[in-house]
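S.K.: Quick one: structure below, then a few questions.
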Amino acid sequence: MRSLFKKFFDHEISRRDFGTKLLALGFSQIAVNSFLGAAAEAREPLPEMGVKMSGTGADILAATLRAAGVDYIFGTSATGMSPFFDALTVNNDMQFISSIAESQATSMAHGYELVTGKTAVLFIPGVAIPSAMNNLYNAWKDRSSIAVLSDGASSNFAGRNGFQQMDDWLDPMTQFTKWQWQVNNERQISEMLRRALKLAETPPGGPVYLRFPGFLLSKPNIRQTIYPQSRFKIPMGLYPKPELIEATARALLEAKKPLLCVGHEVTRARANKDVLELAELLGIRMAQGYSVFGDIPFRHPLFSGFYGLGIPRGLANTDVFLNLGAPMPDPTIFTAPVPSKAKVIHARIEYDEIANTYPTDIAIAAGMKETVTAIIDSVRALATEDQIKTLREERLQESIEINAKHEARKQQQAKATWNSSPISWERASFEMEKYLDPHAIIVSELDTRKPFEWMNLGPGPDAKWLIGGTTGFALGWGIGASLGVKIGEPNRQVVCLVGDGAMLFGQIEALWTAARYDIPVTVIVFNNLSYDGERNRIYRGSPLAAIKETRGLWRDISCFLGNPEVDFVGLADSFEIQGKRANNPEEFVESLQAAAKVTADGRPFLIDLRVMQLDTSGKPTEQTWHPDISIAAKRMKKI
C-alpha cells in the first residue's frame with residue numbers, strides 16, 4: 001500500500017487509477033473519497049490564504065507540519081500516537097525515523113537541526129518525557145530549535161495518580177524549553193503547533209514542548225484552516241547601532257594585540273566567511289569559543305586555539321577582546337579569564353548574556369552577520385588601504401611565528417608514542433585527517449580536543465566540519481546526533497567520534513536505527529577502558545591526592561571500564577552492522593579504508609579503536625585497579 005501512495009505522490013499514476021486500486025484493495029467508496037481528498041491536497045502547493053480541511057486531530061497536526069515543510073519526524077513507538085501514525089500513512093510524504101529509546105530520538109533531532117538549521121520535530125510518548133530530558137538539556141544548551149510533541153493520557157479522570165498520570169507534565173519541561181503548552185481545545189491544534197514552530201526557530205532558538213491529550217488526536221471531524229508556516233516567521237535582521245560599530249572599528253585599529261572569540265551565533269547566522277574576512281583584513285587572531293560547532297578554520301594562520309576547554313595562545317597580551325556570538329570565557333567552561341587590561345567588546349543576538357560577569361566597554365545586541373559586515377565597512381571608512389595593510393602584515397607575521405612554535409612542540413611531543421599500541425591520540429588523529437573525506441562532517445563526543453589540533457577543520461563545505469561536543473556535555477549524545485546529521489546531509493561523509501564510556505551511556509540503541517534505515521555513518525569508539533577525563537578530574541578534586549603524604553592512598557573506584565571488557569564490534573554485529581577492532585596505526589588505517597567502502601555501499605560501520613589512557617598531565621598511563629566486589633561471594637546460600 002505504501003508503494004501505491006508513493007506512485008500517486010510521484011505522479012506515476014493518475015487520481016482515477018489511484019482510486020480504482022484502493023477500491024480493489026477492499027476500501028469502501030467513502031474511505032476512498034476521503035483518501036483522495038487528503039492525498040490530492042497534499043500534492044498541491046498550499047495557497048497563502050491557507051486551505052480549510054476536516055479530519056482527526058492527528059490529521060490536523062500532520063497537515064500543519066506538512067505546511068511547515070517538515071520532511072522528517074524523529075520519535076519512538078507509542079499506542080497513544082496511533083492516530084498520528086495513521087495520518088502519516090495516508091499521505092506518506094513525511095518520513096518517521098524511529099528509535100527504540102527516546103533519548104536517542106532526541107539527539108537525532110538535535111543533530112538534524114544543527115546541520116540543516118531547520119527546526120526539527122520530535123514526537124514521543126508523553127510518559128517518555130523524563131527519558132528524553134538528558135539530551136533535551138544538551139539541545140537547550142546549544143540553542144537548538146526542536147519542536148517536542150507528545151501524546152498524553154486522557155484527561156477525563158486527571159488527578160487520580162492513574163496509569164501514566166502525573167499532576168503536571170509541563171512543569172518538568174520548563175528548565176529545558178522556551179515554551180510549554182497542553183492543547184485542550186481542538187480548535188487550537190494548528191494554531192498552537194504553528195506557534196511552537198515559530199518560537200523554536202526564532203533566534204535565539206531552543207526546544208519547545210507541545211502536549212496533546214490522547215482523545216484530541218483521535219477526535220474526528222475537526223475543522224481548521226491550514227496556513228503555510230512561512231506566514232508566521234519573524235524576520236530577524238537586527239542591525240547594530242552605528243556609533244557602537246564605529247567605536248569597535250577604532251578599537252580594533254588602535255589595538256596592539258586584539259583577539260576575536262567566535263561562537264555558535266556566527267555559524268547559525270551563516271556569517272563565518274564574514275568573520276574570516278574581518279580577521280584577515282586586520283590580521284586579528286581568532287579563538288574558537290565554547291560552541292557546539294567548529295565556527296572558524298582551525299588551520300588558519302590566525303587561529304590561536306580554543307577559548308573554552310582550553311586557553312588561546314598569546315592570551316595574556318590581549319588588549320582588545322571582541323566576542324562574537326559565544327559565551328564569555330570564565331572558569332565554568334575550564335578556561336582563563338579575559339586579561340583585566342583588555343577592552344571588552346561583547347556582541348550577541350542573545351542580549352541577556354551580554355555584560356553579566358565582565359565589565360563591558362562596548363555592548364552590541366544585534367545579529368552576527370549584520371554586526372561583522374558593519375565593522376568591516378567601518379574599518380575601511382576609518383583607515384586607508386596602506387594603513388590596513390601595514391597593520392595586517394605585522395599582526396599576521398606575529399601569529400604565524402606563535403603558531404609555528406606551537407606546531408613544533410606538538411610534533412616533538414608526539415614522537416615518543418607515534419608508533420605505540422594502544423595507538424596514541426596524536427597518531428589516531430593524524431590518520432583520520434589523512435584517510436577521511438576532505439569534506440567530512442565530524443560529530444564528536446570526546447572528552448578532549450586533542451584530535452582537532454591535527455585535523456583540517458572548518459565551517460562550510462571546504463573543509464571537514466566539526467559538530468560537537470554539545471555544550472551541555474551530558475553523555476549519551478554523539479551517535480544519535482551523527483545519525484541526524486547524516487539524514488540532514490546525506491551527500492557528505494559523517495564520522496562519529498565517541499568515547500567508550502559515552503558509548504555505554506545509553507547509546508547502543510542508536511545502532512538499531514542506523515541499521516534499520518541504512519544510515520551510513522562511521523562510528524569510531526575511542527576505547528581506553530575507562531572514563532579517562534572523568535578519572536583525572538576526580539583525581540584533581542581528591543583531598544587524598546592533594547596532599548603528598550596521602551597521595552599514595554588514592555584509588556579510582558568508579559572509572560575503569562575494562563572488567564568486563566566490552567566487545568563493541570560484537571555489539572555492532574548484533575545489529576547487522578559491520579565493524580573492526582584496531583590496536584595500532586596499521587590496523588586503524590585498514591579499518592578506515594574498510595569503513596569507507598561499507599558506507600559507500602550504504603551501510604554503517606563501527607571501529608573499536610584501542611587508544612592509550614592519559615594521566616592529568618597528558619602522558620600515557622595504565623589505570624586498571626578497581627574495587628574487587630562480588631555480590632555472589634557474599635551469599636550464605638548459593639541460589
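By convention here, the chains of the C-alpha cells are called A, B, ... in the order presented, each chain's residues are numbered starting at 1, and ligands are numbered starting at 1 in the order presented.
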Just list the residues in stretch 178-331 of chain A DSSP gives alpha helix (DSSP H) on the backbone, as JSON, numbers by chain.

M.R.: {"A": [189, 190, 191, 192, 193, 194, 195, 196, 197, 198, 199, 200, 201, 214, 215, 216, 217, 218, 242, 243, 244, 245, 246, 247, 248, 249, 250, 251, 252, 253, 254, 264, 265, 266, 267, 268, 272, 273, 274, 275, 276, 277, 278, 279, 280, 281, 282]}

S.K.: Fewer than 3 positions away in the same chain doesn't count, so skip those; otherwise give me all residues within 6 Å of stretch 457-470 of chain A, counting only C-alpha atoms, as a list of chain:residue names.

M.R.: A:Val292, A:Phe293, A:Gly294, A:Asp295, A:Ile296, A:Pro297, A:Phe298, A:Pro438, A:His439, A:Ala440, A:Ile441, A:Ile442, A:Val443, A:Ser444, A:Glu445, A:Phe473

S.K.: Please build the interface table for stretch 370-434 of chain A against stretch 528-549 of chain A with a cut-off of 12 Å, listing for each qualifying residue the nearest atom pair and the distance in Å to one decimal; count only C-alpha atoms, order rows by chain and increasing number, and write it as JSON lines.

M.R.:
```
{"residue": "A:Ser421", "atom": "CA", "partner": "A:Asn528", "partner_atom": "CA", "distance": 11.4}
{"residue": "A:Pro422", "atom": "CA", "partner": "A:Asn528", "partner_atom": "CA", "distance": 8.4}
{"residue": "A:Ile423", "atom": "CA", "partner": "A:Asn528", "partner_atom": "CA", "distance": 9.8}
{"residue": "A:Ser424", "atom": "CA", "partner": "A:Asn528", "partner_atom": "CA", "distance": 10.5}
{"residue": "A:Trp425", "atom": "CA", "partner": "A:Asn528", "partner_atom": "CA", "distance": 10.5}
```

S.K.: Go ahead and write the residues just picked, N, CA and C atoms, as an mmCIF file, in the first residue's frame.

M.R.:
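Done, and the output landed in result_36.cif:
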```
data_model
loop_
_atom_site.group_PDB
_atom_site.id
_atom_site.type_symbol
_atom_site.label_atom_id
_atom_site.label_comp_id
_atom_site.auth_asym_id
_atom_site.auth_seq_id
_atom_site.Cartn_x
_atom_site.Cartn_y
_atom_site.Cartn_z
ATOM 1 N N SER A 421 51.220 0.967 20.585
ATOM 2 C CA SER A 421 49.996 0.173 20.642
ATOM 3 C C SER A 421 49.706 -0.091 22.116
ATOM 4 N N PRO A 422 48.548 0.338 22.666
ATOM 5 C CA PRO A 422 47.459 1.040 22.006
ATOM 6 C C PRO A 422 47.929 2.329 21.307
ATOM 7 N N ILE A 423 47.174 2.737 20.307
ATOM 8 C CA ILE A 423 47.546 3.874 19.487
ATOM 9 C C ILE A 423 47.461 5.174 20.280
ATOM 10 N N SER A 424 48.354 6.114 19.976
ATOM 11 C CA SER A 424 48.307 7.421 20.637
ATOM 12 C C SER A 424 47.195 8.266 20.021
ATOM 13 N N TRP A 425 46.689 9.219 20.788
ATOM 14 C CA TRP A 425 45.649 10.105 20.296
ATOM 15 C C TRP A 425 46.168 10.920 19.109
#
```

S.K.: Name the closest residue to A:Arg250 among the candidates A:Leu197, A:Val148, A:Ala132, A:Ala383; distances are taken between atoms, counting only C-alpha atoms.

M.R.: A:Ala383

S.K.: Hey, what's within 12 Å of A:Leu497 if we count only C-alpha atoms and toss same-chain stuff fewer than 6 positions away? As a ChimeraX atom specification, please?

M.R.: /A:428-429,432,441-449,451-452,466-469,477-482,503,521-527,606-609

S.K.: Take the residues from that selection and write them out as a compact mmCIF listing (two decimals), in the first residue's frame, keeping C-alpha atoms.

M.R.:
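This went into again-v2.txt:
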```
# COMPACT_ATOMS: atom_id res chain seq x y z
CA ALA A 428 44.91 8.37 15.51
CA SER A 429 44.06 11.99 14.72
CA MET A 432 41.82 10.37 10.44
CA ILE A 441 31.36 16.14 8.92
CA ILE A 442 32.91 15.10 12.23
CA VAL A 443 30.43 14.63 15.09
CA SER A 444 32.42 14.47 18.31
CA GLU A 445 31.55 13.29 21.80
CA LEU A 446 35.08 13.09 23.17
CA ASP A 447 36.36 14.42 26.47
CA THR A 448 39.38 16.01 24.76
CA ARG A 449 40.11 18.38 21.89
CA PRO A 451 42.27 15.32 17.73
CA PHE A 452 41.24 18.75 16.48
CA LEU A 466 33.13 19.86 13.33
CA ILE A 467 29.82 19.45 15.15
CA GLY A 468 30.14 18.70 18.85
CA GLY A 469 30.67 18.12 21.54
CA TRP A 477 24.51 12.15 22.62
CA GLY A 478 27.04 11.60 19.84
CA ILE A 479 25.84 8.56 17.88
CA GLY A 480 22.23 9.68 17.68
CA ALA A 481 23.36 13.17 16.72
CA SER A 482 25.54 11.77 13.93
CA MET A 503 29.11 4.75 24.05
CA VAL A 521 27.79 6.72 9.32
CA THR A 522 31.19 5.62 10.58
CA VAL A 523 31.31 5.30 14.38
CA ILE A 524 34.81 5.32 15.89
CA VAL A 525 34.83 4.24 19.52
CA PHE A 526 37.93 5.65 21.24
CA ASN A 527 38.32 2.80 23.68
CA LEU A 606 31.93 0.70 13.61
CA ILE A 607 35.61 0.85 14.55
CA ASP A 608 36.69 -0.20 18.05
CA LEU A 609 39.89 1.85 18.34
```

S.K.: For each of A:Gly283, A:Pro604, A:Pro520, A:Gly206, take the minimum atom-to-atom distance to A:Glu398, counting only C-alpha atoms, then give the residue where this is smallest.

M.R.: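 Under the stated criterion, the closest residue is A:Gly283.
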
S.K.: Hey, what does DSSP flag as strand (DSSP E or B) within stretch 113-216 of chain A? Can you give it to me as a PyMOL selection string?

M.R.: chain A and resi 120-124+146-152+180-182+208-213
